[in-house]
Amino acid sequence: MSTRLANGGRFLDRARALEFRFNGKRLTGYEGDTLASALLANDQMLVGRSFKYHRPRGIVASGAEEPNALVGMGEGGRFEPNQRTTTTELFDGLTCASQNHWPSLDFDVGAINTKLGRFLPAGFYYKMFIHPRPFWKHVYEPFIRKSAGLGKAPTERDVDTYEHFYAHVDVLVVGGGVAGLLAARSAGQSGATVLLIEQTPQWGGRAPVDGGAVDGKPVDKFVEEVTAELDAMPNVTMRSRTMGAGVYDHGYALGYERVADHRPGAAGPRHRLWRIRAGRIITATGAIERPLSFAGNDIPGVMLASAVRDFAVNYGVSVGDRTVVVTNNDDAYRTAIILKEQGLDVPVILDARVLPQDSALMAEAKALGIRVMMGHAISSVKGGKRVTGVEICSQAGEGAVLETVDCDAVAMSGGWSPVVHLWSHCGGKLTWDEAQACFRPDVDNPPTGADGEGFVIPAGAANGALRLGDVLADAHAAGAAAARAMGAERKTSDAPQAEAQDEAPMAPVWMMPNGAGYKKRAKAWLDYQNDVKVSDVRLAAQEGYQSVEHAKRYTTLGMATDQGKLSNINGLAILSDALNQPIPQTGTTTFRPPYTPISLASIAGEARAERFQPLRRTPMYDWHAEHGAYWEPVGQWRRPYCYRKPGESIEDAVQREVKATRESLGLLDASTLGKLMVKGPDAGKFLDMLYTNMMSSLKPGRCRYGLMCNENGFLIDDGVVARIDEDTFLCHTTTGGAESIHGHMEEWLQTEWWDWDVYVANLTEQYAQIGLVGPKAREVLAALTASDVSAEALPFMAWTDITLGGMQARIYRISFSGELSYEIAVKASEGRALWDLLLATGDAHGVTPYGTEALHIMRAEKGFIMIGDETDGTVIPQDLGLNWAISKKKEDYLGKRAQARSHMTDPNRWKLVGLETTDGSTLPDGAYISAEGENANGQRNVQGRVTSTYHSPTLGKGIAMALVLHGPDRMGEVVEVPHIGGKITKAKIVDPVFFDKDGEKQNV
Amino acid sequence: MLILTCPCCGVTAEETEFHGGGEAHLKRFGPGSSDEDFHDYLFSKVNPKGVHLERWRHNYGCGKWFHAARDTVTLEVYGTYPAQTTEPPQDIRDAITAKRPGWSWREFS
Amino acid sequence: MSDAASALPGAEFSGIVKVREAGLQGMITLRGDLADATLKKAVAKAGGQDMPGQRKANMDEQGGVAWMSPDELLILTPYDEVEARIGDLAKALAKQPHMAVNVSDARALFELSGEGARVREVIAKLCPVDMSADAFGPGDFRRTRMAQVPAAFWMSDEGTLRIVCFRSVAQYAFDLLRGAAAKGGAVDYF
């Protein structure tokens, strides 16, 4: 059984006991425990079930590489699935539950899959579910969906907050082991600004567990001293609980700080995503031990040798009373030695190597009385939910059992793989290290930055320097080199010297025993979480998956939440063997960020709920909200679609607003319309280029409607231009066009006509603008000003500055409704005051505020186009019958050349007309007008489409605007408009101006 | 995510402050131009592997357009320069040549 | 003027720093040739401060001048005096191309105050800017992105930072600042 040892546990504060729950069971641990170490201390080796076969799964590793021990953590608004117990700090009151089983962890019905294992090989799903085709949607997919996924998705809204933080440094050091500490120290001593981040709460990494001495001091002591030294350096910042998640272009890196995971509910953010920009990035990310592939290597109790050691040294936890060590290298002997020193039993060390003489570590183990069997291996592990023993065989043979040894844990080591993820994220290349049988960074091919130089420098074990002495020298040099590249060249202290035992070389072992047959290979796991075995990878190779990327996807090797940290190298070694080619020729799959999963909420940062995206408000927003506004999003603006009275439907409100405006007086918040001031001696010339019509001939005091096209000839915006004085124009744009048209103007001024004297300013938000619309508009306006606003003094398409209720106001007499209408602009700060004033003064006429839908209906009744309805980026003004607004005199304007292209002058382009339904109904939005026959795909031919459609309260029937083939030549013709579902409405082609064709109402 | 130095306000900032604007040094063809010239102006853009001259706008900063000489493979930025020019200035050309002797881009080298 | 209201009158929040909407502030956008001597003189008169250098701001309690781009300045004045100052500018610059417009009502202004390091942190949570004291301090002026909206800020002293954004997004900006300044959110970085 696994249990807490009486002594040891360098991370523990045994004075502080913590209570937690696993599957409802009350357990205790200590401050400093991870959830994994606390579970093991309570003899909870079984922690989950695998994805495919629902095999019992135990803790394998002690850190970020753990594939099995994932649990659902927390409750309610803090529930999160798939949390890795080995990287979860224990806290008082922690609640968690195992995943992927039913009805219980100990008895799981899904485990039947393991018996069916031989019928569920790699590619099973692809092969099985392809036929018969219709079965996919109705049978297979619902079934597969039910069994998909490991943990459950949370159902409640996340109650925590998250944030980003931008940091700029000369040198970012990722990893707080001895390599990271030393690299940070030499970089800091050189004078560079340094940020050192470490994913765990502790500094020092593995070295204190592995032992040895630095400069004559125990590693522990050395780590303590360097940490203190760094802490005192003003140019060095250290952050623990912060993982280097990804490295990106130009020295950009993400750090994932788990601020409050270990103290949920504390004030402040739960996670903080550090968006770091560094001149150089040092990856001191260490190395990960590889499992060995032998039959039964997935049975709970089989663990990495380093993890067994970590649990004993760091957490005072014994994972078993009798631990068999199996290895292909010297390092695992450290585990055996430590266990023995703790008083635990190590019945045998199985070393696959055959060496001419004992190394120092081997001699030490033997001196402790541990039996060492060279050239031996595990034939298979015995046990179900827990290891009960191992069968021993020769590594060289096919697995004939020589001896059976009882044990309750197996510590395995297949050698070490440098963590090259961050080096590789942005394109750093790898090279195969034959001696250590691992990929390590090819330092001659680093990712390059803005200066064209490599910006990532690997250090220590992450650079393939696996021995303590090599780590120290490499890291010290890396820190100084990074600082030097940033121009910081102050003298550093000397690199520290290590004292560590010499180690015999490792020997690569990819299959144990070497000649294992199918039966053994089918029980030798590579990917524990996704249930990929040696046999699956060999099958993939056999079926022709030669590319490692294809084999990965076919077998799902390395595609689980651990992204193959343990399985990838072993898997591609098997693939290489099956393909009979060297490992470097097979190559690796792509390393992509993040290094381990990070919370989606941390990526979103502040952008949640009311901060999800900016919501733009006009100065009258609060009034609208208080008066029943039904909101319509227009870009980032919120505009009232209509104002509902209590009990009123949206449709009724819209109809009421139209009628009231046509009959008496309406009020529109038009503040969102773009207002661009264009000023300078060349302003007229400039606007002549931007608009299709002539703006330079406009007289000061007057307004003109204009169209804007892009260089492709397509209509992009429209609006009324007012000439303020000889040099100054005020251009109104659509609500959505304010920023883009401002940008469009600046682009042409800056990049094409930079010698023209024109300045543009976006004054959209400087003014609140209110439409005072309807037959009573003038009466109300006149009551509020001493100025003459008569038809003679202020005719249609004129503007004037007046004082209105004590406010400076600019009145544009323009109309988008066909009514007598004034748009009144005042400073935004006075917008609400003006709105209130107009409401009070208009009260006698039943003034009715109206929303965007009433606005749309009234403009459609008048046949006015709307950008975004009648246009969709493929429509030119000529399509819309707007030839009158296209100057024939101008030699050039943006879009003119394009509009002369053959497709643009094609007489068969669909043209704008009005449609009136014969039965008075309203046509569906976006409907097509059908034509005879079918196209090549068997769909009905079409001859036009509806661009706007409304029920007109003024006319009491359905009206629409449409683009129709030869439309203007077909007045009076009745066409058919099919609905979804087959119903057909007949509509008559008519003039798009439905109401007051002569403009008598607006011109009064 | 790239970092660029805006030559107009001098700030070095991350890509989110900027907006890419495609190929630099386009020559506008207007009314009277041939179909072929106009077509090339509108649609035929180069997409080189290596040295590229491109337009950017510092839209969250000073609002100005500028040009960048950049390598699309190594992501090296050889330099940035104001947009009010019809060709890359000599110092930019020299900076590219120093790293990529024999380079060419459209009619420039 | 009596009815003029700023975007979020009285909005205030206290966390790791104090955030408050700073009320109505006169602001003039001036575009023109910044190297021109006449313009420099007119700016000094309108803003009460000398022409700032690239990405600098010369500010005091009454107002000041900020460098927006190679051909644009932002002149701060008391809200009530904007029209008069624009009139002065127009007169002084009558003979040269320029543009001077009132943008006071198009903007919202917020003030962060408290410990300098905390003020810097709040901005560094929202803007992709190096807020270390070596890179940014009183006298500097930065236009950038605050989360998803454009913004510009300057520090009048180590413990006070003012930030300008568009008026329509004032609530969003306030929510951002309030969130970044929430209690427990100190980063302890600067």
# chains A, B, ... in the order shown; residues from 1 in each chain; ligands from 1
$ interface_residues --of "chain A" --to "chain B" --cutoff "7 Å" --atoms "only C-alpha atoms" --output "ChimeraX atom specification"
/A:248-250,252,448-452,750-751,754,892,896-897
$ interface_residues --of "chain C" --to "chain A" --cutoff "9 Å" --atoms "only C-alpha atoms" --output "ChimeraX atom specification"
/C:1-7,24,29,31-32,97-99,101-107,121-132,147-149,166-173,175-176,179-180,182-187,189
$ closest_atom_pairs --of "chain C" --to "chain B" --cutoff "6 Å" --atoms "only C-alpha atoms" --output "Markdown table"
| residue | atom | partner | partner_atom | distance |
| --- | --- | --- | --- | --- |
| C:Ser69 | CA | B:Cys62 | CA | 4.9 |
| C:Arg143 | CA | B:Gly61 | CA | 4.8 |
| C:Thr144 | CA | B:Gly61 | CA | 5.0 |
| C:Arg145 | CA | B:Tyr60 | CA | 5.5 |
| C:Pro150 | CA | B:Tyr60 | CA | 5.6 |
$ residues_around --residues "Glu12 of chain C" --least-positions-apart "5" --cutoff "9 Å" --atoms "only C-alpha atoms" --output "PyMOL selection string"
chain C and resi 18-21+174+178
$ write_last_selection --atoms "C-alpha atoms" --output "PDB file, in the first residue's frame"
ATOM      1  CA  LYS C  18      -8.556  54.955  -6.710  1.00  0.00           C
ATOM      2  CA  VAL C  19     -10.361  55.328 -10.023  1.00  0.00           C
ATOM      3  CA  ARG C  20     -12.576  58.302 -10.745  1.00  0.00           C
ATOM      4  CA  GLU C  21     -14.154  59.911 -13.719  1.00  0.00           C
ATOM      5  CA  PHE C 174     -14.600  52.435 -16.186  1.00  0.00           C
ATOM      6  CA  ARG C 178     -12.475  49.038 -11.850  1.00  0.00           C
TER       7      ARG C 178
END
$ atom_distance --atom1 "atom CA of Glu224 of chain A" --atom2 "atom CA of Asp170 of chain A"
24.6 Å
$ residues_around --residues "Ala22 of chain C" --least-positions-apart "4" --cutoff "9 Å" --atoms "only C-alpha atoms" --output "VMD selection string"
chain C and resid 6 8 to 11 108 to 111 162
$ atom_distance --atom1 "atom CA of Tyr333 of chain A" --atom2 "atom CA of Glu198 of chain A"
27.4 Å
$ residues_around --residues "Gln54 of chain C" --least-positions-apart "2" --cutoff "7 Å" --atoms "only C-alpha atoms" --output "list in words"
Cys9 of chain B; Pro52, Lys56 and Trp67 of chain C
$ atom_distance --atom1 "atom CA of Gly251 of chain A" --atom2 "atom CA of Ala183 of chain A"
17.2 Å
$ select_by_dssp --residues "segment 22-56 of chain B" --states "helix (DSSP H, G or I)" --output "PyMOL selection string"
chain B and resi 35-43
$ write_last_selection --atoms "N, CA and C atoms" --output "PDB file, in the first residue's frame"
ATOM      1  N   ASP B  35      -7.191  47.511 -69.087  1.00  0.00           N
ATOM      2  CA  ASP B  35      -7.784  46.480 -68.238  1.00  0.00           C
ATOM      3  C   ASP B  35      -6.701  45.699 -67.501  1.00  0.00           C
ATOM      4  N   GLU B  36      -5.610  45.437 -68.211  1.00  0.00           N
ATOM      5  CA  GLU B  36      -4.556  44.636 -67.618  1.00  0.00           C
ATOM      6  C   GLU B  36      -3.877  45.367 -66.451  1.00  0.00           C
ATOM      7  N   ASP B  37      -3.536  46.647 -66.670  1.00  0.00           N
ATOM      8  CA  ASP B  37      -2.917  47.433 -65.595  1.00  0.00           C
ATOM      9  C   ASP B  37      -3.842  47.529 -64.391  1.00  0.00           C
ATOM     10  N   PHE B  38      -5.110  47.782 -64.681  1.00  0.00           N
ATOM     11  CA  PHE B  38      -6.042  47.969 -63.580  1.00  0.00           C
ATOM     12  C   PHE B  38      -6.234  46.662 -62.806  1.00  0.00           C
ATOM     13  N   HIS B  39      -6.323  45.592 -63.547  1.00  0.00           N
ATOM     14  CA  HIS B  39      -6.458  44.272 -62.918  1.00  0.00           C
ATOM     15  C   HIS B  39      -5.250  43.994 -62.010  1.00  0.00           C
ATOM     16  N   ASP B  40      -4.065  44.246 -62.512  1.00  0.00           N
ATOM     17  CA  ASP B  40      -2.863  43.985 -61.709  1.00  0.00           C
ATOM     18  C   ASP B  40      -2.830  44.858 -60.460  1.00  0.00           C
ATOM     19  N   TYR B  41      -3.229  46.113 -60.645  1.00  0.00           N
ATOM     20  CA  TYR B  41      -3.248  47.047 -59.501  1.00  0.00           C
ATOM     21  C   TYR B  41      -4.204  46.544 -58.419  1.00  0.00           C
ATOM     22  N   LEU B  42      -5.370  46.082 -58.832  1.00  0.00           N
ATOM     23  CA  LEU B  42      -6.364  45.669 -57.841  1.00  0.00           C
ATOM     24  C   LEU B  42      -6.080  44.298 -57.247  1.00  0.00           C
ATOM     25  N   PHE B  43      -5.652  43.375 -58.078  1.00  0.00           N
ATOM     26  CA  PHE B  43      -5.678  41.983 -57.634  1.00  0.00           C
ATOM     27  C   PHE B  43      -4.336  41.269 -57.574  1.00  0.00           C
TER      28      PHE B  43
END
$ select_by_dssp --residues "segment 275-405 of chain A" --states "strand (DSSP E or B)" --output "ChimeraX atom specification"
/A:275-283,287-289,295,302-304,317-318,322-327,345,349-351,372-374,376-383,387-394,403-405
$ residues_around --residues "segment 387-389 of chain A" --least-positions-apart "5" --cutoff "8 Å" --atoms "only C-alpha atoms" --output "MDAnalysis selection string"
chainID A and resid 299:302 381:382 404:410
$ write_last_selection --atoms "N, CA and C atoms" --output "PDB file, in the first residue's frame"
ATOM      1  N   ILE A 299      -0.685  -0.749 -14.999  1.00  0.00           N
ATOM      2  CA  ILE A 299      -1.409  -1.141 -13.786  1.00  0.00           C
ATOM      3  C   ILE A 299      -1.054  -0.173 -12.650  1.00  0.00           C
ATOM      4  N   PRO A 300      -2.067   0.310 -11.930  1.00  0.00           N
ATOM      5  CA  PRO A 300      -1.780   1.252 -10.842  1.00  0.00           C
ATOM      6  C   PRO A 300      -0.712   0.696  -9.895  1.00  0.00           C
ATOM      7  N   GLY A 301       0.277   1.530  -9.642  1.00  0.00           N
ATOM      8  CA  GLY A 301       1.426   1.082  -8.852  1.00  0.00           C
ATOM      9  C   GLY A 301       2.694   1.088  -9.688  1.00  0.00           C
ATOM     10  N   VAL A 302       2.529   1.097 -11.026  1.00  0.00           N
ATOM     11  CA  VAL A 302       3.690   1.265 -11.902  1.00  0.00           C
ATOM     12  C   VAL A 302       3.899   2.759 -12.080  1.00  0.00           C
ATOM     13  N   VAL A 381       3.647  -7.403 -15.680  1.00  0.00           N
ATOM     14  CA  VAL A 381       3.304  -6.989 -14.324  1.00  0.00           C
ATOM     15  C   VAL A 381       2.041  -7.725 -13.939  1.00  0.00           C
ATOM     16  N   LYS A 382       1.984  -8.178 -12.720  1.00  0.00           N
ATOM     17  CA  LYS A 382       0.791  -8.865 -12.244  1.00  0.00           C
ATOM     18  C   LYS A 382      -0.056  -7.910 -11.416  1.00  0.00           C
ATOM     19  N   THR A 404       9.350 -14.914 -10.431  1.00  0.00           N
ATOM     20  CA  THR A 404       8.275 -13.985 -10.101  1.00  0.00           C
ATOM     21  C   THR A 404       8.589 -13.354  -8.747  1.00  0.00           C
ATOM     22  N   VAL A 405       8.452 -12.039  -8.713  1.00  0.00           N
ATOM     23  CA  VAL A 405       8.754 -11.337  -7.466  1.00  0.00           C
ATOM     24  C   VAL A 405       7.505 -10.589  -7.009  1.00  0.00           C
ATOM     25  N   ASP A 406       7.119 -10.761  -5.779  1.00  0.00           N
ATOM     26  CA  ASP A 406       5.989 -10.001  -5.236  1.00  0.00           C
ATOM     27  C   ASP A 406       6.401  -8.567  -4.964  1.00  0.00           C
ATOM     28  N   CYS A 407       5.544  -7.663  -5.264  1.00  0.00           N
ATOM     29  CA  CYS A 407       5.804  -6.252  -4.962  1.00  0.00           C
ATOM     30  C   CYS A 407       4.488  -5.506  -5.086  1.00  0.00           C
ATOM     31  N   ASP A 408       4.413  -4.282  -4.560  1.00  0.00           N
ATOM     32  CA  ASP A 408       3.191  -3.489  -4.755  1.00  0.00           C
ATOM     33  C   ASP A 408       3.467  -2.185  -5.478  1.00  0.00           C
ATOM     34  N   ALA A 409       4.686  -2.037  -5.965  1.00  0.00           N
ATOM     35  CA  ALA A 409       4.992  -0.871  -6.793  1.00  0.00           C
ATOM     36  C   ALA A 409       6.136  -1.206  -7.739  1.00  0.00           C
ATOM     37  N   VAL A 410       6.110  -0.571  -8.893  1.00  0.00           N
ATOM     38  CA  VAL A 410       7.207  -0.705  -9.846  1.00  0.00           C
ATOM     39  C   VAL A 410       7.684   0.697 -10.199  1.00  0.00           C
TER      40      VAL A 410
END
$ residues_around --residues "segment 842-853 of chain A" --least-positions-apart "3" --cutoff "10 Å" --atoms "only C-alpha atoms" --output "VMD selection string"
chain A and resid 624 627 629 to 632 634 639 to 644 650 to 651 653 to 661 663 to 670 771 to 777 779 to 781 783 835 to 839 856 to 859 950
$ write_last_selection --atoms "C-alpha atoms" --output "CSV table (one decimal), in the first residue's frame"
chain,number,residue,atom,x,y,z
A,624,HIS,CA,-33.9,54.9,-23.7
A,627,HIS,CA,-38.4,53.9,-21.5
A,629,ALA,CA,-36.0,50.4,-25.4
A,630,TYR,CA,-35.8,47.1,-27.1
A,631,TRP,CA,-32.1,47.2,-28.1
A,632,GLU,CA,-30.6,46.5,-31.5
A,634,VAL,CA,-25.4,48.2,-34.5
A,639,ARG,CA,-29.7,51.6,-30.4
A,640,PRO,CA,-33.3,51.3,-29.6
A,641,TYR,CA,-35.1,49.2,-32.2
A,642,CYS,CA,-38.3,50.5,-30.7
A,643,TYR,CA,-39.7,51.7,-27.4
A,644,ARG,CA,-42.3,49.3,-26.0
A,650,ILE,CA,-42.5,44.9,-30.6
A,651,GLU,CA,-44.5,44.9,-33.9
A,653,ALA,CA,-44.6,49.5,-31.0
A,654,VAL,CA,-42.9,49.9,-34.4
A,655,GLN,CA,-46.2,50.5,-36.2
A,656,ARG,CA,-47.2,53.1,-33.6
A,657,GLU,CA,-44.0,54.9,-33.9
A,658,VAL,CA,-44.2,55.1,-37.7
A,659,LYS,CA,-47.8,56.4,-37.6
A,660,ALA,CA,-47.1,59.0,-34.9
A,661,THR,CA,-44.2,60.3,-36.8
A,663,GLU,CA,-49.0,62.1,-38.6
A,664,SER,CA,-47.5,64.4,-36.0
A,665,LEU,CA,-44.0,64.3,-34.5
A,666,GLY,CA,-41.3,61.7,-34.0
A,667,LEU,CA,-37.9,61.9,-32.2
A,668,LEU,CA,-34.9,59.9,-33.2
A,669,ASP,CA,-31.6,59.5,-31.4
A,670,ALA,CA,-29.3,59.8,-34.4
A,771,GLY,CA,-33.9,63.9,-35.6
A,772,LEU,CA,-37.0,66.0,-35.0
A,773,VAL,CA,-39.3,64.5,-37.6
A,774,GLY,CA,-42.9,65.0,-38.8
A,775,PRO,CA,-45.4,67.6,-39.8
A,776,LYS,CA,-45.1,69.4,-36.4
A,777,ALA,CA,-41.4,69.5,-36.4
A,779,GLU,CA,-43.6,74.3,-35.0
A,780,VAL,CA,-41.6,72.7,-32.1
A,781,LEU,CA,-38.3,74.0,-33.4
A,783,ALA,CA,-40.9,77.5,-30.2
A,835,TRP,CA,-33.6,65.3,-25.7
A,836,ASP,CA,-35.5,66.2,-22.6
A,837,LEU,CA,-36.2,69.7,-23.9
A,838,LEU,CA,-37.6,68.4,-27.2
A,839,LEU,CA,-39.8,65.8,-25.4
A,856,HIS,CA,-36.0,51.6,-41.6
A,857,ILE,CA,-39.7,51.4,-42.5
A,858,MET,CA,-40.0,55.1,-43.3
A,859,ARG,CA,-37.0,55.1,-45.5
A,950,TYR,CA,-41.5,45.4,-44.1
